[in-house]
$ cat protein-v4.txt   # compact mmCIF, C-alpha atoms (C1' of nucleotides)
# COMPACT_ATOMS: atom_id res chain seq x y z
CA MET A 1 15.58 6.54 1.24
CA ARG A 2 12.43 4.62 1.95
CA LEU A 3 9.03 5.82 0.93
CA THR A 4 6.32 4.53 3.20
CA THR A 5 3.08 5.68 4.74
CA LYS A 6 4.97 6.77 7.81
CA GLY A 7 6.72 9.49 5.88
CA ARG A 8 3.43 10.39 4.32
CA TYR A 9 1.81 10.90 7.71
CA ALA A 10 4.71 13.07 8.73
CA VAL A 11 4.45 15.19 5.61
CA THR A 12 0.72 15.57 6.17
CA ALA A 13 1.25 16.72 9.72
CA MET A 14 4.02 19.14 8.78
CA LEU A 15 1.89 20.49 6.00
CA ASP A 16 -0.83 21.14 8.55
CA LEU A 17 1.68 23.08 10.63
CA ALA A 18 2.71 25.06 7.57
CA LEU A 19 -0.90 25.89 6.74
CA HIS A 20 -1.58 27.15 10.26
CA TYR A 21 1.74 28.78 10.83
CA LYS A 22 0.19 32.18 11.53
CA ASP A 23 -2.07 30.75 14.26
CA GLY A 24 0.83 30.32 16.66
CA PRO A 25 1.72 26.97 18.26
CA ILE A 26 -0.47 24.13 17.00
CA THR A 27 -1.34 21.28 19.32
CA LEU A 28 -1.06 17.70 18.23
CA ALA A 29 -4.69 17.33 19.24
CA ASP A 30 -5.61 19.85 16.55
CA ILE A 31 -3.60 18.04 13.93
CA SER A 32 -5.03 14.74 15.07
CA GLN A 33 -8.56 16.02 14.60
CA ARG A 34 -7.95 17.78 11.31
CA GLN A 35 -5.88 15.09 9.66
CA GLY A 36 -7.35 12.00 11.26
CA ILE A 37 -4.08 10.75 12.66
CA SER A 38 -4.02 9.29 16.16
CA LEU A 39 -2.54 11.52 18.82
CA SER A 40 -0.05 8.94 20.01
CA TYR A 41 1.22 8.28 16.56
CA LEU A 42 1.70 11.98 16.08
CA GLU A 43 3.65 12.08 19.32
CA GLN A 44 5.95 9.41 17.98
CA LEU A 45 6.47 11.28 14.75
CA PHE A 46 6.97 14.67 16.38
CA SER A 47 9.48 13.28 18.82
CA ARG A 48 11.67 12.59 15.82
CA LEU A 49 10.79 15.79 14.03
CA ARG A 50 11.81 17.74 17.10
CA LYS A 51 15.09 15.87 17.47
CA GLN A 52 15.85 16.75 13.86
CA GLU A 53 15.01 20.35 14.73
CA LEU A 54 12.33 20.64 12.10
CA VAL A 55 9.83 21.85 14.70
CA ASP A 56 9.95 23.90 17.88
CA SER A 57 7.81 22.88 20.81
CA THR A 58 6.23 24.91 23.57
CA ARG A 59 4.88 23.19 26.64
CA GLY A 60 2.00 24.15 28.79
CA PRO A 61 -1.36 25.73 27.96
CA GLY A 62 -1.32 27.58 24.66
CA GLY A 63 1.68 25.53 23.69
CA GLY A 64 2.15 23.25 20.76
CA TYR A 65 4.40 22.88 17.77
CA ARG A 66 5.65 25.31 15.18
CA LEU A 67 7.86 24.89 12.16
CA SER A 68 11.40 25.70 13.23
CA ARG A 69 11.91 27.79 10.11
CA ASP A 70 10.10 29.11 7.08
CA SER A 71 8.10 26.47 5.24
CA HIS A 72 10.18 27.13 2.12
CA GLN A 73 13.28 26.12 4.04
CA ILE A 74 11.94 22.67 4.92
CA ALA A 75 12.09 20.04 2.22
CA VAL A 76 9.85 17.03 1.95
CA ALA A 77 13.02 14.95 2.05
CA ASP A 78 13.89 16.46 5.44
CA VAL A 79 10.59 15.34 6.87
CA ILE A 80 10.74 11.84 5.46
CA THR A 81 14.29 11.13 6.55
CA ALA A 82 13.51 12.51 10.01
CA VAL A 83 10.82 9.93 10.75
CA ASP A 84 12.51 7.04 8.95
CA GLU A 85 14.78 4.84 10.93
CA LYS A 86 18.22 4.93 9.49
CA VAL A 87 19.02 1.50 10.89
CA GLU A 88 19.45 0.01 7.42
CA THR A 89 18.65 -3.54 8.39
CA THR A 90 19.15 -4.55 4.79
CA ARG A 91 22.40 -6.27 4.09
CA CYS A 92 23.77 -3.29 2.19
CA GLY A 93 24.15 -1.05 5.21
CA GLY A 94 27.08 1.16 5.91
CA LEU A 95 29.50 -1.64 5.24
CA SER A 96 30.04 -2.92 1.75
CA ASN A 97 30.41 -6.58 2.61
CA CYS A 98 26.92 -7.52 1.55
CA GLN A 99 27.91 -10.44 -0.62
CA ASP A 100 30.83 -12.75 0.02
CA ASP A 101 32.65 -9.98 1.84
CA GLU A 102 32.39 -7.91 -1.33
CA GLN A 103 30.01 -5.37 -2.68
CA CYS A 104 26.81 -6.64 -4.23
CA LEU A 105 25.83 -5.67 -7.72
CA THR A 106 23.41 -2.93 -6.82
CA HIS A 107 25.26 -1.51 -3.86
CA ASP A 108 26.55 1.63 -5.52
CA LEU A 109 23.60 1.67 -7.81
CA TRP A 110 21.06 1.75 -5.08
CA THR A 111 22.77 4.38 -3.02
CA GLU A 112 23.03 6.48 -6.15
CA LEU A 113 19.40 5.99 -7.01
CA SER A 114 18.51 6.76 -3.44
CA THR A 115 20.56 9.92 -3.62
CA GLN A 116 18.76 11.06 -6.72
CA ILE A 117 15.35 10.50 -5.19
CA HIS A 118 16.56 12.29 -2.11
CA ASP A 119 17.74 15.21 -4.21
CA PHE A 120 14.43 15.30 -5.98
CA LEU A 121 12.48 15.45 -2.73
CA MET A 122 14.96 18.01 -1.47
CA GLY A 123 13.71 20.24 -4.25
CA ILE A 124 10.16 20.24 -2.94
CA SER A 125 9.53 22.34 0.15
CA LEU A 126 6.52 22.46 2.41
CA GLY A 127 6.12 26.00 1.14
CA ASN A 128 5.82 24.69 -2.40
CA LEU A 129 3.12 22.30 -1.33
CA VAL A 130 1.13 24.93 0.52
CA GLU A 131 0.94 26.95 -2.66
CA ARG A 132 -0.68 24.17 -4.62
CA GLN A 133 -4.32 24.40 -5.57
CA GLY A 134 -5.39 20.99 -4.38
CA VAL A 135 -3.85 21.53 -0.97
CA GLN A 136 -5.49 24.92 -0.55
CA LYS A 137 -8.86 23.45 -1.47
CA VAL A 138 -8.74 20.61 1.03
CA ALA A 139 -7.34 22.89 3.70
CA ALA A 140 -10.26 25.25 3.21
CA ARG A 141 -12.74 22.41 3.64
CA GLN A 142 -10.95 21.22 6.77
CA GLU A 143 -11.06 24.67 8.29
CA GLN A 144 -14.74 24.89 7.49
CA ALA A 145 -15.42 21.55 9.14
CA GLU A 146 -13.53 22.77 12.16
CA THR A 147 -15.73 25.86 12.38
CA HIS A 148 -18.80 23.67 12.19
CA PHE A 149 -17.52 21.68 15.05
CA VAL A 150 -16.96 24.67 17.27
CA THR A 151 -20.05 26.71 16.53
CA THR A 152 -23.08 24.76 15.45
CA GLU A 153 -25.43 27.66 14.72
CA ASP A 154 -24.07 28.15 11.22
CA ALA A 155 -24.11 24.47 10.33
CA VAL A 156 -26.58 24.95 7.48
CA VAL A 157 -24.68 27.73 5.76
CA ASN A 158 -22.41 25.57 3.68
CA SER A 159 -24.57 22.64 2.65
CA MET B 1 5.18 4.16 -5.50
CA ARG B 2 6.89 2.37 -2.67
CA LEU B 3 10.60 1.85 -2.40
CA THR B 4 11.58 -1.25 -0.46
CA THR B 5 14.23 -3.93 -0.56
CA LYS B 6 11.88 -6.11 -2.58
CA GLY B 7 12.08 -3.74 -5.50
CA ARG B 8 15.79 -3.57 -5.00
CA TYR B 9 16.16 -7.31 -5.24
CA ALA B 10 14.12 -7.25 -8.40
CA VAL B 11 16.29 -4.55 -9.93
CA THR B 12 19.42 -6.48 -8.99
CA ALA B 13 18.11 -9.63 -10.62
CA MET B 14 17.00 -7.80 -13.75
CA LEU B 15 20.35 -6.10 -13.95
CA ASP B 16 21.97 -9.52 -13.83
CA LEU B 17 19.81 -10.57 -16.76
CA ALA B 18 20.79 -7.44 -18.64
CA LEU B 19 24.49 -8.07 -18.01
CA HIS B 20 24.25 -11.65 -19.29
CA TYR B 21 21.83 -10.98 -22.08
CA LYS B 22 24.15 -12.33 -24.74
CA ASP B 23 24.55 -15.66 -22.90
CA GLY B 24 21.04 -16.74 -23.81
CA PRO B 25 18.44 -17.76 -21.19
CA ILE B 26 19.69 -17.31 -17.64
CA THR B 27 18.53 -19.67 -14.94
CA LEU B 28 17.35 -18.43 -11.61
CA ALA B 29 19.91 -20.75 -10.05
CA ASP B 30 22.63 -18.71 -11.76
CA ILE B 31 21.19 -15.43 -10.54
CA SER B 32 20.74 -16.89 -7.09
CA GLN B 33 24.40 -17.86 -6.95
CA ARG B 34 25.76 -14.65 -8.44
CA GLN B 35 23.58 -12.22 -6.53
CA GLY B 36 23.09 -14.16 -3.33
CA ILE B 37 19.30 -14.13 -3.48
CA SER B 38 17.42 -17.28 -2.50
CA LEU B 39 16.07 -19.27 -5.42
CA SER B 40 12.54 -19.42 -4.09
CA TYR B 41 12.43 -15.69 -3.54
CA LEU B 42 13.61 -15.16 -7.08
CA GLU B 43 10.84 -17.44 -8.29
CA GLN B 44 8.31 -15.24 -6.54
CA LEU B 45 9.76 -12.10 -8.05
CA PHE B 46 10.07 -13.52 -11.54
CA SER B 47 6.53 -14.79 -11.48
CA ARG B 48 5.47 -11.16 -11.28
CA LEU B 49 8.07 -9.93 -13.70
CA ARG B 50 6.86 -12.45 -16.23
CA LYS B 51 3.22 -11.51 -15.73
CA GLN B 52 4.18 -7.91 -16.41
CA GLU B 53 5.94 -9.15 -19.53
CA LEU B 54 9.29 -7.76 -18.52
CA VAL B 55 10.93 -11.16 -19.03
CA ASP B 56 10.44 -14.14 -21.32
CA SER B 57 10.88 -17.62 -19.94
CA THR B 58 11.99 -20.79 -21.64
CA ARG B 59 11.44 -24.10 -19.95
CA GLY B 60 13.41 -27.27 -20.16
CA PRO B 61 17.14 -27.90 -20.18
CA GLY B 62 19.05 -24.90 -21.39
CA GLY B 63 16.08 -22.73 -20.55
CA GLY B 64 15.82 -19.77 -18.23
CA TYR B 65 14.82 -16.13 -18.34
CA ARG B 66 15.61 -13.35 -20.76
CA LEU B 67 14.67 -9.72 -20.83
CA SER B 68 11.58 -9.41 -22.99
CA ARG B 69 13.06 -6.41 -24.78
CA ASP B 70 16.22 -4.36 -25.02
CA SER B 71 17.60 -3.30 -21.67
CA HIS B 72 17.20 0.34 -22.68
CA GLN B 73 13.48 -0.23 -23.09
CA ILE B 74 12.99 -1.41 -19.50
CA ALA B 75 12.87 1.25 -16.84
CA VAL B 76 13.73 0.79 -13.19
CA ALA B 77 10.21 1.97 -12.44
CA ASP B 78 8.79 -0.89 -14.51
CA VAL B 79 10.68 -3.41 -12.42
CA ILE B 80 9.74 -1.90 -9.10
CA THR B 81 6.05 -1.53 -9.83
CA ALA B 82 5.97 -5.06 -11.21
CA VAL B 83 7.02 -6.67 -7.94
CA ASP B 84 5.14 -4.26 -5.71
CA GLU B 85 1.63 -5.12 -4.80
CA LYS B 86 -0.68 -2.44 -6.03
CA VAL B 87 -3.21 -3.31 -3.34
CA GLU B 88 -2.86 0.13 -1.77
CA THR B 89 -3.84 -0.94 1.71
CA THR B 90 -3.32 2.58 2.87
CA ARG B 91 -6.51 4.48 3.38
CA CYS B 92 -5.88 6.66 0.33
CA GLY B 93 -6.44 3.95 -2.22
CA GLY B 94 -8.43 4.29 -5.38
CA LEU B 95 -11.28 5.91 -3.52
CA SER B 96 -10.95 9.39 -2.17
CA ASN B 97 -12.89 8.84 1.02
CA CYS B 98 -9.88 8.59 3.22
CA GLN B 99 -11.03 11.09 5.80
CA ASP B 100 -14.62 11.66 6.84
CA ASP B 101 -15.79 10.53 3.41
CA GLU B 102 -13.67 13.30 1.96
CA GLN B 103 -10.20 13.56 0.60
CA CYS B 104 -7.37 13.87 3.07
CA LEU B 105 -4.89 16.71 2.88
CA THR B 106 -2.13 14.83 1.15
CA HIS B 107 -4.26 12.73 -1.14
CA ASP B 108 -3.60 14.63 -4.34
CA LEU B 109 -0.23 15.65 -3.07
CA TRP B 110 1.00 12.16 -2.50
CA THR B 111 -0.23 10.78 -5.75
CA GLU B 112 1.45 13.69 -7.49
CA LEU B 113 4.69 13.17 -5.62
CA SER B 114 4.45 9.49 -6.34
CA THR B 115 3.94 10.25 -10.00
CA GLN B 116 7.03 12.42 -10.09
CA ILE B 117 9.18 9.75 -8.48
CA HIS B 118 7.71 7.27 -10.88
CA ASP B 119 8.56 9.53 -13.80
CA PHE B 120 12.06 9.92 -12.49
CA LEU B 121 12.60 6.17 -12.22
CA MET B 122 11.01 5.83 -15.64
CA GLY B 123 13.91 7.86 -16.96
CA ILE B 124 16.46 5.30 -15.81
CA SER B 125 16.66 2.10 -17.84
CA LEU B 126 18.44 -1.13 -17.08
CA GLY B 127 20.58 -0.26 -20.09
CA ASN B 128 21.63 2.96 -18.41
CA LEU B 129 22.65 1.05 -15.31
CA VAL B 130 24.65 -1.51 -17.23
CA GLU B 131 26.74 1.27 -18.70
CA ARG B 132 27.78 2.59 -15.33
CA GLN B 133 31.31 2.08 -14.15
CA GLY B 134 30.50 0.72 -10.73
CA VAL B 135 28.15 -1.87 -12.10
CA GLN B 136 30.64 -3.05 -14.71
CA LYS B 137 33.29 -3.40 -12.08
CA VAL B 138 31.25 -5.52 -9.72
CA ALA B 139 29.91 -7.58 -12.61
CA ALA B 140 33.46 -8.34 -13.72
CA ARG B 141 34.37 -9.54 -10.26
CA GLN B 142 31.27 -11.70 -10.09
CA GLU B 143 32.07 -13.30 -13.41
CA GLN B 144 35.57 -13.95 -12.25
CA ALA B 145 34.34 -15.62 -9.09
CA GLU B 146 32.07 -17.74 -11.22
CA THR B 147 34.97 -18.86 -13.38
CA HIS B 148 36.93 -19.73 -10.28
CA PHE B 149 34.08 -21.86 -9.17
CA VAL B 150 33.84 -23.78 -12.43
CA THR B 151 37.49 -24.28 -13.28
CA THR B 152 39.90 -24.35 -10.41
CA GLU B 153 43.14 -24.70 -12.36
CA ASP B 154 43.39 -20.94 -13.00
CA ALA B 155 42.58 -19.95 -9.47
CA VAL B 156 45.94 -18.24 -8.97
CA VAL B 157 45.78 -16.12 -12.09
CA ASN B 158 43.88 -13.19 -10.64
CA SER B 159 45.18 -12.87 -7.14
C1' DA C 1 12.94 -41.26 -19.16
C1' DA C 2 15.36 -38.12 -16.89
C1' DA C 3 17.24 -33.88 -16.29
C1' DT C 4 16.29 -29.44 -16.11
C1' DA C 5 13.33 -25.60 -15.55
C1' DC C 6 9.44 -23.36 -13.78
C1' DT C 7 4.87 -23.10 -10.69
C1' DT C 8 2.15 -23.14 -6.71
C1' DG C 9 0.92 -22.83 -2.10
C1' DA C 10 1.62 -23.14 2.61
C1' DC C 11 4.34 -21.64 6.20
C1' DT C 12 7.50 -18.64 9.23
C1' DA C 13 10.47 -15.21 11.77
C1' DA C 14 11.26 -10.66 12.01
C1' DA C 15 10.16 -6.03 11.37
C1' DA C 16 7.15 -2.12 10.62
C1' DT C 17 2.68 0.11 11.35
C1' DG C 18 -0.44 2.33 13.90
C1' DC C 19 -2.75 2.42 18.12
C1' DT C 20 -3.88 2.23 23.36
C1' DA C 21 -2.96 3.17 27.92
C1' DG C 22 -0.89 5.37 31.50
C1' DG C 23 2.00 8.01 33.10
C1' DT C 24 5.54 12.65 34.06
C1' DT C 25 6.73 17.17 33.52
C1' DT C 26 6.17 22.09 32.26
C1' DT C 27 3.64 26.26 32.25
C1' DG C 28 -0.10 29.60 31.76
C1' DT C 29 -4.53 30.84 34.00
C1' DT C 30 -7.72 31.33 37.69
C1' DA D 1 -1.53 27.74 45.26
C1' DA D 2 -4.39 24.84 42.51
C1' DC D 3 -5.79 23.52 38.17
C1' DA D 4 -5.69 22.36 33.53
C1' DA D 5 -3.52 22.21 29.12
C1' DA D 6 -0.22 20.84 26.77
C1' DA D 7 4.34 18.48 25.63
C1' DC D 8 6.92 14.44 26.59
C1' DC D 9 7.94 9.55 27.90
C1' DT D 10 7.41 4.44 28.28
C1' DA D 11 5.60 0.11 27.46
C1' DG D 12 3.05 -2.89 25.11
C1' DC D 13 -0.31 -4.65 21.71
C1' DA D 14 -2.63 -6.27 17.26
C1' DT D 15 -2.09 -6.37 12.66
C1' DT D 16 0.20 -6.29 8.39
C1' DT D 17 4.14 -6.55 5.56
C1' DT D 18 8.63 -8.22 4.48
C1' DA D 19 11.75 -11.48 3.21
C1' DG D 20 12.20 -15.42 2.87
C1' DT D 21 12.00 -21.17 3.21
C1' DC D 22 10.01 -25.68 2.24
C1' DA D 23 7.61 -29.11 -0.19
C1' DA D 24 5.37 -30.86 -3.84
C1' DG D 25 4.11 -30.31 -7.90
C1' DT D 26 3.90 -29.38 -13.70
C1' DA D 27 6.11 -28.63 -18.23
C1' DT D 28 9.75 -29.11 -21.72
C1' DT D 29 13.61 -30.81 -24.09
C1' DT D 30 17.55 -33.87 -24.71
$ encode --input "protein-v4.txt" --output "structure tokens"
Amino acid sequence: MRLTTKGRYAVTAMLDLALHYKDGPITLADISQRQGISLSYLEQLFSRLRKQELVDSTRGPGGGYRLSRDSHQIAVADVITAVDEKVETTRCGGLSNCQDDEQCLTHDLWTELSTQIHDFLMGISLGNLVERQGVQKVAARQEQAETHFVTTEDAVVNS
Amino acid sequence: MRLTTKGRYAVTAMLDLALHYKDGPITLADISQRQGISLSYLEQLFSRLRKQELVDSTRGPGGGYRLSRDSHQIAVADVITAVDEKVETTRCGGLSNCQDDEQCLTHDLWTELSTQIHDFLMGISLGNLVERQGVQKVAARQEQAETHFVTTEDAVVNS
DNA sequence: AAATACTTGACTAAAATGCTAGGTTTTGTT
DNA sequence: AACAAAACCTAGCATTTTAGTCAAGTATTT
């Protein structure tokens, strides 16, 4: 289990989907604008998310992406592992011949540690995150900014 | 908190130190041979580990590195954060202006998640790892291989 | 003095990151 | 039927990070 910014972007995007679940399919363009992630990068990420069946896609006008199931049924770990390559280029891959045709000292250790982190992140769902104060606060600001962008007449209201 | 192979190498090396604590200062050359990590890379890692005061070094013949304190007092998290740059090149660094001069959706979230993983890895000490079966087993094999290397007359004993 | 141990800095190949550009399909709306 | 909005695909690019290597030191102890 690797923890990089890639997984973070994916979690951000999925969290955006969770927050706007009731608005029907969400376009990547929307997410791109709200979260400041480039459209093409989102396409990359969602290609994987779709293959892992974490999201459903609808093509054509009015289309977009939706969570494939309730936000409480999608763990942060699911999202992160979906976008992470599982290539395991490190020498302790699937095989255990990482050192002199034997198992290196941290082979078991690392997989175990990895498992525990995985389990931990399995315990946190997108639904959990949506319920958090900080997330709600930022989401509210983002929605406000969006409104500003669409209709400019009420731009002074929230200064 | 990032989890990469670099941190893993560091944990492996520190675990080696913990396993050979009673043998006095351990040279990087020893660790390099036992764990199959290049000497120069170890030097890089240990430079950081020393600066974080996780190890004590002794120069000169018979010198080497030792854990700076009991293996139960050194957490896996300590080791990983020591070798990881804290530069935070990602846009959500110390400042919270990651998106439109405001805080991005996962800013708080990610730091919180990161904190929880950190706490989790704080709960696992090198001492804990040493006590594990798998580690003991591999360590025994490594020591055996080492003996083989030094004295060849008893090479047939453990076949 | 010499062996041994550690330090420093420059360099590199490979991979990951994040983006750009330019498509093609699919599908609802006019 | 034509158009436009969206997903979806492919290729490539610039930059950074990773995982090291190499060379030339400095320091300490026997």
$ atom_distance --input "protein-v4.txt" --atom1 "atom CA of Asp108 of chain B" --atom2 "atom CA of Asp84 of chain B"
20.9 Å
$ residues_near_point --input "protein-v4.txt" --point "(15.8, 13.8, 5.8)" --cutoff "10 Å" --atoms "all atoms listed in the file" --output "MDAnalysis selection string"
chainID A and resid 1 49 52 54 74:84 86 118 121:122
$ residues_around --input "protein-v4.txt" --residues "DA24 of chain D" --least-positions-apart "5" --cutoff "12 Å" --atoms "all atoms listed in the file" --output "list in words"
DT7, DT8, DG9 and DA10 of chain C
$ interface_residues --input "protein-v4.txt" --of "chain D" --to "chain B" --cutoff "8 Å" --atoms "all atoms listed in the file" --output "number ranges by chain"
D: 19-21, 27-30
$ write_last_selection --input "protein-v4.txt" --atoms "C-alpha atoms (C1' of nucleotides)" --output "PDB file, in the frame of the given file"
ATOM      1  C1'  DA D  19      11.750 -11.480   3.210  1.00  0.00           C
ATOM      2  C1'  DG D  20      12.200 -15.420   2.870  1.00  0.00           C
ATOM      3  C1'  DT D  21      12.000 -21.170   3.210  1.00  0.00           C
ATOM      4  C1'  DA D  27       6.110 -28.630 -18.230  1.00  0.00           C
ATOM      5  C1'  DT D  28       9.750 -29.110 -21.720  1.00  0.00           C
ATOM      6  C1'  DT D  29      13.610 -30.810 -24.090  1.00  0.00           C
ATOM      7  C1'  DT D  30      17.550 -33.870 -24.710  1.00  0.00           C
TER       8       DT D  30
END
$ closest_residue --input "protein-v4.txt" --among "C:DC6, C:DA1, C:DT27, C:DT12" --to "Gly64 of chain B" --atoms "all atoms listed in the file"
C:DC6
$ atom_distance --input "protein-v4.txt" --atom1 "atom CA of Arg48 of chain B" --atom2 "atom CA of Ala10 of chain B"
9.9 Å
$ interface_residues --input "protein-v4.txt" --of "chain C" --to "chain A" --cutoff "12 Å" --atoms "only C-alpha atoms (C1' of nucleotides)" --output "PyMOL selection string"
chain C and resi 14-21+25-29
$ closest_residue --input "protein-v4.txt" --among "A:Ala140, A:Leu17, A:Leu42, A:Ile117" --to "chain B" --atoms "all atoms listed in the file"
A:Ile117
$ closest_residue --input "protein-v4.txt" --among "B:Gly7, B:Gly127, B:Gly24, B:Gly36" --to "chain A" --atoms "all atoms listed in the file"
B:Gly36
